[in-house]
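Encoded as structure tokens, the structure appears first; notes follow it.
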Amino acid sequence: MPGGTTFLLRDWYENQLPDGHVDVVQSVESLEHMPDLPRFFSEAFRLLRPGGVLTMSDIPTRRLPRGPREIVAALTQLRVWGLGVNAAATEGEIIALALDAGFVDVRTELVGRRTIAPALRFARDRLDRTRGEVPRTYDLAVRFLLAQVDVIWQHGMIDYLLLRATKPAG
Ligand SMILES: C[S@@+](CC[C@H](N)C(=O)[O-])C[C@H]1O[C@@H](n2cnc3c(N)ncnc32)[C@H](O)[C@@H]1O
């Protein structure tokens, strides 16, 4: 809708919107769930009007797990969050995908220290405050899952990426 906002609850790959329909594509922590990363970017490019902007946040992989402790932590995350193995991508790979799709002025920033670290602290504090108020099995399961995220974060396997890219105006 020109000049307005369109809300759709639909598969990204089946959105059926016309070319150049939107000014902005904003993707919040969704790329890591997408089965086809090149198509994620080509679809964003197609939907944007010339000069339109893609902004997104994502959890890029910085390196693959090494050793049993890291492998368990990584597999737990894949299983719990339903992340696709194919969707694992480094910051450099994500930038390359955006450029390959035709985007220009691709800017990124890694902000895990300002996002992942405080989120983990918040979740742990909250668990401590509600100790005794929730079933013990629930408390233990969540603490176990948090410990796995902590491993992949503290070991430098993931980060938090902000990306902004533009569809050329001409
Ligand atoms: C971790 S959640 C992101 C959180 C959410 N964006 C928010 O701001 O609260 C992952 C999101 O990716 C979306 N997603 C995954 N695959 C998708 C697809 N093929 N099409 C559209 N959305 C998808 C899910 O619906 C889910 O909302």
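Lettering and numbering for the structure tokens are positional, with chains as A, B, ... in the shown order, residues counted from 1 in each chain, and ligands counted from 1 in the shown order.
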- Task: All residues within 12 Å of ligand 1 are required, counting only C-alpha atoms and all ligand atoms; please report them as a VMD selection string.
- Result: chain A and resid 8 to 15 26 to 37 39 to 40 43 to 44 56 to 59 77 to 78 80 to 84 87
- Please provide as number ranges by chain all residues within 10 Å of A:Asp19, with the sequence filter that same-chain residues fewer than 3 positions apart are discarded (counting only C-alpha atoms). A: 16, 22, 43-49
- Query: Within 12 Å of stretch 112-116 of chain A, counting only C-alpha atoms, which residues qualify if same-chain residues fewer than 5 places away don't, as number ranges by chain?
  - Reply: A: 57-62, 121-123, 146, 149-154, 156-162
- Message: Give me, as an NGL selection string, all polymer residues having an atom no more than 12 Å from A:Pro168, counting only C-alpha atoms and skipping those fewer than 3 positions away in the same chain.
- Response: :A and (20 or 45-46 or 48-54 or 99 or 101-106 or 165)
- Item | Which of stretch 32-158 of chain A DSSP labels strand (DSSP E or B), written as a ChimeraX atom specification | /A:48-58,61,104-110,158
- For the atom pair atom CA of A:Arg69 and atom CA of A:Leu120, what is the interatomic distance in Å to one decimal place?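 Interatomic distance, atom CA of A:Arg69 to atom CA of A:Leu120: 18.9 Å.
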- Item | Point-to-point distance from atom CA of A:Arg164 to atom CA of A:Thr90, Å rounded to tenths | 15.8 Å
